[in-house]
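J.: So that you have it, the file is structure31.txt, and it contains compact mmCIF, C-alpha atoms:
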```txt
# COMPACT_ATOMS: atom_id res chain seq x y z
CA MET A 4 23.83 168.38 78.55
CA ARG A 5 25.43 164.96 78.75
CA THR A 6 26.15 163.03 75.57
CA SER A 7 26.06 159.24 75.70
CA LEU A 8 28.81 157.20 74.09
CA HIS A 9 28.00 154.79 71.34
CA PRO A 10 28.04 151.17 72.61
CA ALA A 11 30.51 150.16 69.89
CA LEU A 12 32.93 152.87 71.05
CA THR A 13 32.63 151.71 74.66
CA ILE A 14 33.23 148.07 73.69
CA THR A 15 36.24 148.99 71.53
CA ALA A 16 37.79 151.11 74.28
CA SER A 17 37.22 148.32 76.82
CA LEU A 18 38.88 145.76 74.54
CA ILE A 19 41.91 147.99 73.97
CA PHE A 20 42.23 148.61 77.72
CA ALA A 21 41.95 144.88 78.41
CA ILE A 22 44.67 144.08 75.84
CA LEU A 23 46.98 146.61 77.47
CA VAL A 24 46.32 145.51 81.05
CA ALA A 25 46.04 141.74 80.55
CA PRO A 26 49.82 141.10 80.28
CA LEU A 27 50.33 142.87 83.60
CA PHE A 28 47.82 140.63 85.34
CA ILE A 29 49.38 137.55 83.72
CA ILE A 30 52.84 138.51 85.03
CA LEU A 31 51.41 139.31 88.45
CA GLY A 32 49.58 135.98 88.59
CA ALA A 33 52.65 134.03 87.45
CA SER A 34 54.82 135.74 90.11
CA VAL A 35 52.72 134.35 92.98
CA SER A 36 52.17 130.85 91.57
CA ASP A 37 53.12 128.06 93.98
CA THR A 38 54.87 126.05 91.27
CA SER A 39 58.50 125.63 90.26
CA TYR A 40 57.80 126.84 86.72
CA LEU A 41 56.05 129.78 85.08
CA THR A 42 52.34 129.17 84.67
CA PHE A 43 49.07 131.06 84.43
CA PRO A 44 46.56 130.98 86.02
CA PRO A 45 48.54 130.53 89.24
CA GLN A 46 48.32 127.19 91.00
CA GLY A 47 48.26 128.25 94.62
CA ILE A 48 49.44 131.55 96.07
CA THR A 49 52.89 132.17 97.53
CA LEU A 50 55.32 135.05 97.96
CA ARG A 51 58.43 132.89 98.16
CA TRP A 52 59.54 133.91 94.66
CA PHE A 53 59.77 137.52 95.78
CA THR A 54 61.96 136.55 98.73
CA ASN A 55 63.98 134.39 96.34
CA ILE A 56 64.99 137.54 94.44
CA PHE A 57 66.80 138.93 97.48
CA GLU A 58 68.38 135.59 98.27
CA ILE A 59 70.14 135.52 94.88
CA SER A 60 73.21 137.73 95.17
CA ALA A 61 73.38 138.30 91.40
CA PHE A 62 70.00 140.06 91.42
CA ARG A 63 71.00 142.27 94.35
CA THR A 64 74.31 143.25 92.74
CA THR A 65 72.92 143.91 89.28
CA ALA A 66 69.97 145.88 90.69
CA ILE A 67 72.37 148.23 92.48
CA THR A 68 74.48 148.54 89.32
CA SER A 69 71.40 149.30 87.21
CA LEU A 70 70.30 152.02 89.62
CA GLN A 71 73.78 153.56 89.64
CA ILE A 72 74.04 153.47 85.84
CA ALA A 73 70.52 154.84 85.38
CA LEU A 74 70.99 157.71 87.84
CA LEU A 75 74.51 158.67 86.74
CA GLY A 76 73.77 158.16 83.04
CA THR A 77 70.62 160.26 83.23
CA ALA A 78 72.44 162.98 85.17
CA LEU A 79 75.24 163.02 82.59
CA ALA A 80 72.73 163.13 79.72
CA LEU A 81 70.93 166.07 81.34
CA LEU A 82 74.24 167.82 82.03
CA ILE A 83 74.93 167.70 78.29
CA GLY A 84 71.36 167.83 77.01
CA ILE A 85 70.13 170.93 78.85
CA PRO A 86 72.86 173.27 77.49
CA ALA A 87 72.50 171.64 74.05
CA ALA A 88 68.73 172.15 74.02
CA TYR A 89 69.19 175.73 75.23
CA ALA A 90 71.68 176.51 72.47
CA LEU A 91 69.52 174.88 69.79
CA ASN A 92 66.51 176.98 70.80
CA ARG A 93 68.24 180.21 71.82
CA PHE A 94 70.55 180.41 68.81
CA ARG A 95 68.62 178.36 66.25
CA ILE A 96 69.03 181.08 63.62
CA ARG A 97 72.82 181.10 63.91
CA LEU A 98 73.34 177.34 64.26
CA PRO A 99 73.13 175.03 61.23
CA SER A 100 69.84 173.17 60.87
CA TRP A 101 71.51 169.74 60.74
CA LEU A 102 73.01 170.14 64.21
CA ALA A 103 69.73 169.25 65.91
CA ASN A 104 69.65 165.94 64.03
CA VAL A 105 72.99 164.92 65.54
CA PHE A 106 71.41 164.50 68.96
CA VAL A 107 68.75 162.20 67.52
CA LEU A 108 71.24 159.73 66.03
CA PRO A 109 71.33 157.40 69.09
CA ILE A 110 67.60 156.81 68.51
CA LEU A 111 67.84 156.39 64.73
CA VAL A 112 70.77 153.99 64.94
CA PRO A 113 69.71 150.48 66.09
CA GLU A 114 70.75 149.84 69.68
CA ILE A 115 72.60 146.67 68.68
CA VAL A 116 74.75 148.67 66.26
CA LEU A 117 75.29 151.37 68.89
CA GLY A 118 76.33 148.81 71.50
CA PHE A 119 78.70 146.99 69.15
CA SER A 120 80.27 150.29 68.01
CA LEU A 121 80.93 151.34 71.60
CA LEU A 122 82.35 147.92 72.39
CA LYS A 123 84.82 148.11 69.52
CA SER A 124 85.76 151.79 69.65
CA VAL A 125 85.70 152.48 73.40
CA THR A 126 86.05 149.23 75.32
CA ILE A 127 88.56 147.48 73.06
CA SER A 128 90.40 150.40 71.45
CA LEU A 129 90.65 152.70 74.46
CA GLY A 130 90.63 149.99 77.13
CA LEU A 131 88.36 151.89 79.51
CA PRO A 132 86.83 150.11 82.52
CA VAL A 133 83.55 148.29 81.92
CA PHE A 134 81.58 150.48 84.34
CA ILE A 135 82.74 153.69 82.64
CA VAL A 136 81.91 152.37 79.17
CA LEU A 137 78.50 151.16 80.35
CA LEU A 138 77.83 154.57 81.88
CA LEU A 139 78.84 156.38 78.69
CA GLY A 140 76.71 154.02 76.61
CA HIS A 141 73.59 154.64 78.69
CA ALA A 142 74.21 158.40 78.76
CA LEU A 143 74.51 158.40 74.99
CA LEU A 144 71.39 156.25 74.67
CA VAL A 145 69.16 158.60 76.71
CA LEU A 146 70.74 161.86 75.50
CA PRO A 147 68.14 162.34 72.72
CA TYR A 148 65.33 162.19 75.27
CA ALA A 149 66.99 164.88 77.36
CA VAL A 150 67.55 167.17 74.37
CA ARG A 151 64.11 166.66 72.84
CA VAL A 152 62.00 166.92 76.00
CA VAL A 153 63.89 169.89 77.43
CA GLY A 154 63.89 171.47 73.97
CA ALA A 155 60.10 171.17 73.84
CA SER A 156 59.88 173.18 77.06
CA LEU A 157 62.31 175.78 75.75
CA ALA A 158 60.32 176.09 72.51
CA SER A 159 57.47 177.68 74.48
CA PHE A 160 59.75 179.82 76.66
CA ASP A 161 59.81 183.57 76.00
CA PHE A 162 63.49 184.47 75.78
CA SER A 163 62.64 188.16 76.10
CA ILE A 164 62.32 187.51 79.84
CA GLU A 165 65.94 186.37 79.91
CA GLU A 166 67.02 189.39 77.88
CA ALA A 167 65.18 191.69 80.29
CA ALA A 168 66.99 190.16 83.27
CA ILE A 169 70.37 190.55 81.55
CA SER A 170 69.58 194.15 80.61
CA LEU A 171 68.88 194.86 84.27
CA GLY A 172 72.38 193.74 85.23
CA CYS A 173 71.96 190.04 86.01
CA PRO A 174 74.92 187.96 84.70
CA PRO A 175 73.98 185.53 81.87
CA LEU A 176 74.90 182.42 83.87
CA LYS A 177 72.93 183.55 86.90
CA THR A 178 70.03 184.46 84.62
CA PHE A 179 69.96 180.93 83.24
CA PHE A 180 69.78 179.34 86.70
CA THR A 181 67.35 181.84 88.22
CA VAL A 182 65.11 182.65 85.25
CA VAL A 183 65.36 180.05 82.48
CA LEU A 184 65.86 176.83 84.45
CA PRO A 185 62.89 177.30 86.85
CA ASN A 186 60.60 177.89 83.86
CA ILE A 187 61.65 174.65 82.14
CA SER A 188 61.80 172.52 85.31
CA ALA A 189 58.78 170.51 84.14
CA GLY A 190 60.64 169.48 81.01
CA VAL A 191 63.76 168.60 83.00
CA ILE A 192 61.76 166.38 85.37
CA ALA A 193 59.94 164.71 82.49
CA ALA A 194 63.25 164.12 80.68
CA PHE A 195 64.76 162.63 83.84
CA ILE A 196 61.86 160.20 84.34
CA LEU A 197 61.83 159.12 80.69
CA ALA A 198 65.61 158.70 80.52
CA PHE A 199 65.78 156.88 83.87
CA ILE A 200 63.13 154.33 82.92
CA THR A 201 64.73 153.81 79.49
CA SER A 202 68.13 153.20 81.05
CA MET A 203 66.77 150.82 83.69
CA ASN A 204 65.09 148.63 81.06
CA ASP A 205 67.79 148.70 78.38
CA VAL A 206 69.02 145.36 77.08
CA SER A 207 70.61 145.80 73.65
CA VAL A 208 73.32 148.31 74.55
CA SER A 209 74.04 146.72 77.94
CA LEU A 210 74.40 143.30 76.33
CA PHE A 211 77.56 144.45 74.53
CA LEU A 212 79.02 146.67 77.26
CA THR A 213 78.72 144.48 80.35
CA GLY A 214 81.73 142.47 81.42
CA PRO A 215 83.11 140.23 84.17
CA GLY A 216 81.73 141.26 87.53
CA ILE A 217 79.57 144.10 86.12
CA SER A 218 76.12 143.51 84.70
CA THR A 219 72.69 145.12 84.74
CA LEU A 220 69.40 143.75 86.02
CA PRO A 221 67.82 143.13 82.57
CA ILE A 222 70.92 141.18 81.48
CA GLN A 223 70.81 139.16 84.69
CA ILE A 224 67.15 138.35 84.02
CA LEU A 225 68.10 136.94 80.61
CA ALA A 226 70.94 134.94 82.15
CA HIS A 227 68.62 133.55 84.81
CA MET A 228 66.07 132.50 82.19
CA GLU A 229 68.75 130.50 80.35
CA GLN A 230 69.24 128.29 83.43
CA PHE A 231 65.89 128.47 85.24
CA PHE A 232 62.29 129.01 84.20
CA ASP A 233 60.79 129.63 87.61
CA PRO A 234 58.44 132.48 88.67
CA THR A 235 61.41 134.47 89.98
CA ILE A 236 61.57 136.20 86.58
CA ALA A 237 57.93 137.26 86.87
CA SER A 238 58.58 138.51 90.41
CA VAL A 239 61.46 140.69 89.22
CA SER A 240 59.22 142.09 86.47
CA VAL A 241 56.56 142.93 89.05
CA LEU A 242 59.12 144.77 91.17
CA LEU A 243 60.23 146.77 88.12
CA MET A 244 56.62 147.70 87.45
CA ILE A 245 56.23 148.76 91.08
CA LEU A 246 59.36 150.91 90.73
CA THR A 247 57.89 152.64 87.67
CA VAL A 248 54.55 153.20 89.40
CA GLY A 249 56.39 154.43 92.49
CA VAL A 250 58.29 157.05 90.51
CA MET A 251 55.06 158.32 88.97
CA ALA A 252 53.36 158.30 92.39
CA ILE A 253 56.15 160.42 93.88
CA VAL A 254 55.79 162.91 91.03
CA GLU A 255 52.02 162.99 91.52
CA ALA A 256 52.36 163.47 95.30
CA THR A 257 54.99 166.21 95.09
CA LEU A 258 54.26 168.04 91.85
CA GLY A 259 51.17 166.52 90.29
CA LEU A 260 51.14 164.83 86.90
CA THR A 261 49.59 167.94 85.39
CA PHE A 262 52.84 169.72 86.27
CA LEU A 263 54.64 167.69 83.59
CA THR A 264 52.22 168.85 80.92
CA LYS A 265 52.77 172.54 81.45
```
For the file at hand, write its structure as structure tokens.

T.:
Amino acid sequence: MRTSLHPALTITASLIFAILVAPLFIILGASVSDTSYLTFPPQGITLRWFTNIFEISAFRTTAITSLQIALLGTALALLIGIPAAYALNRFRIRLPSWLANVFVLPILVPEIVLGFSLLKSVTISLGLPVFIVLLLGHALLVLPYAVRVVGASLASFDFSIEEAAISLGCPPLKTFFTVVLPNISAGVIAAFILAFITSMNDVSVSLFLTGPGISTLPIQILAHMEQFFDPTIASVSVLLMILTVGVMAIVEATLGLTFLTK
């Protein structure tokens, strides 16, 4: 038996969906406008602003840097976050309760404060290279996502399976990689996607940690807007949206989005 939705509920849901989708259409329309300034609705259709992105060397360089920082920072965060999440769930009775809150601090602390603290304590005091400091800053920024998302997968994992494998003679380290890790792979993939997207779009932390010759794409977008107000900015935003949709499409094609909800 089918139940019909109330018209008010349908109208409300449609309005909410329109509010969420409208900015995307505005950016898309502004990116193809045949004008030298941002405007909507577009006046004419052209793709020259997309080609203009690749003609500006600063966008090419910062895009490569952002991808490197996002990939390496996410990998470093997972390298630390997976063992941390495992320990917090496997030995939660032995470990102090406040230890789990330590990994949430990068989220609780404002990103501006986090960026300034890293600038003063790591860049200035230790004199490390800008790329290394930027990498550490992004890894620290996305570490809570790695710990929390992987920890959520471990919370539903039955550790008696691991104990059974160890009791049958499998070494603990091999047991983790052959028994535990495959069972929490959905959480690892979800943590990677969330951390990668967060790192790619970060502004506050990167604003303090970038330096001469090294910058990220979001910072370059801000710098470009200070000098120009052309549709190139909208075109870059569209490409970033396509990148996000592309990542989700790859996950759907290879694993299925329902895989991430297991």

J.: Which of these residues is nearest to Val191 (chain A), using all atoms listed in the file: A:Pro99, A:Gly216, A:Gly84, A:Pro44?

T.: A:Gly84

J.: Which distance in Å separates CA of Pro221 (chain A) and CA of Ile236 (chain A), to one decimal?

T.: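 That distance, rounded to one decimal, is 10.2 Å.
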
J.: So how many Å separate CA of Leu81 (chain A) and CA of Val105 (chain A), to one decimal?

T.: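 Result for CA of Leu81 (chain A) versus CA of Val105 (chain A): 16.0 Å, one decimal.
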
J.: Let me know the centre plus edge lengths, in Å and rounded to one decimal, of a box with edges along x, y and z that contains all listed atoms of region 216-228 of chain A and is padded by 4 Å on every side, as JSON.

T.:
```
{"center_x": 73.9, "center_y": 138.8, "center_z": 84.1, "size_x": 23.7, "size_y": 20.6, "size_z": 14.9}
```

J.: Nearest to Ala198 (chain A): which of A:Thr77, A:Ser156, A:Ser128, A:Ser238 is it, counting all atoms listed in the file?

T.: A:Thr77

J.: Kindly provide, as a PyMOL selection string, the polymer residues lying within 12 Å of (68.2, 179.0, 71.3), counting all atoms listed in the file and using the coordinates exactly as they appear in the file.

T.: chain A and resi 85-99+103+153-163+165+183

J.: Just how far from CA of Ala142 (chain A) is CA of Ile217 (chain A), in Å to one decimal?

T.: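 Interatomic distance, CA of Ile217 (chain A) to CA of Ala142 (chain A): 17.0 Å.
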
J.: I need every residue sitting at most 12 Å from the point (67.6, 187.4, 83.0) (coordinates as in the file, all atoms listed in the file considered), written as a short mmCIF file (atom, residue, chain, number, x, y, z; two decimals) with C-alpha atoms, keeping the file's coordinate frame.

T.:
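Result file is selection.cif:
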```
data_model
loop_
_atom_site.label_atom_id
_atom_site.label_comp_id
_atom_site.auth_asym_id
_atom_site.auth_seq_id
_atom_site.Cartn_x
_atom_site.Cartn_y
_atom_site.Cartn_z
CA ASP A 161 59.81 183.57 76.00
CA PHE A 162 63.49 184.47 75.78
CA SER A 163 62.64 188.16 76.10
CA ILE A 164 62.32 187.51 79.84
CA GLU A 165 65.94 186.37 79.91
CA GLU A 166 67.02 189.39 77.88
CA ALA A 167 65.18 191.69 80.29
CA ALA A 168 66.99 190.16 83.27
CA ILE A 169 70.37 190.55 81.55
CA SER A 170 69.58 194.15 80.61
CA LEU A 171 68.88 194.86 84.27
CA GLY A 172 72.38 193.74 85.23
CA CYS A 173 71.96 190.04 86.01
CA PRO A 174 74.92 187.96 84.70
CA PRO A 175 73.98 185.53 81.87
CA LEU A 176 74.90 182.42 83.87
CA LYS A 177 72.93 183.55 86.90
CA THR A 178 70.03 184.46 84.62
CA PHE A 179 69.96 180.93 83.24
CA PHE A 180 69.78 179.34 86.70
CA THR A 181 67.35 181.84 88.22
CA VAL A 182 65.11 182.65 85.25
CA VAL A 183 65.36 180.05 82.48
CA LEU A 184 65.86 176.83 84.45
CA PRO A 185 62.89 177.30 86.85
CA ASN A 186 60.60 177.89 83.86
#
```

J.: Any chance you could tabulate, as JSON lines, the residues of region 80-168 of chain A at most 12 Å from region 53-71 of chain A with each one's nearest atom pair and distance in Å to one decimal, using all atoms listed in the file, in chain and rising number order?

T.:
```
{"residue": "A:Val133", "atom": "CA", "partner": "A:Thr68", "partner_atom": "CA", "distance": 11.7}
{"residue": "A:Phe134", "atom": "CA", "partner": "A:Thr68", "partner_atom": "CA", "distance": 8.9}
{"residue": "A:Ile135", "atom": "CA", "partner": "A:Gln71", "partner_atom": "CA", "distance": 11.4}
{"residue": "A:Leu137", "atom": "CA", "partner": "A:Ser69", "partner_atom": "CA", "distance": 10.0}
{"residue": "A:Leu138", "atom": "CA", "partner": "A:Gln71", "partner_atom": "CA", "distance": 8.8}
{"residue": "A:His141", "atom": "CA", "partner": "A:Ser69", "partner_atom": "CA", "distance": 10.3}
{"residue": "A:Ala142", "atom": "CA", "partner": "A:Gln71", "partner_atom": "CA", "distance": 11.9}
```

J.: Using only C-alpha atoms, can you tell me which of A:Ile187, A:Glu114, A:Leu220, A:Asn104 comes closest to Leu242 (chain A)?

T.: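 Counting only C-alpha atoms, the residue closest to Leu242 (chain A) is A:Leu220.
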
J.: Using all atoms listed in the file, can you tell me which of A:Ser39, A:Ser209, A:Thr15, A:Ser218 comes closest to Phe119 (chain A)?

T.: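 Distance minimum relative to Phe119 (chain A) lands on A:Ser209.
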
J.: Just the residues within 9 Å of Leu41 (chain A), please, counting only C-alpha atoms, with nothing from its chain fewer than 6 positions along; format it as an MDAnalysis selection string.

T.: chainID A and resid 33:34 232:237
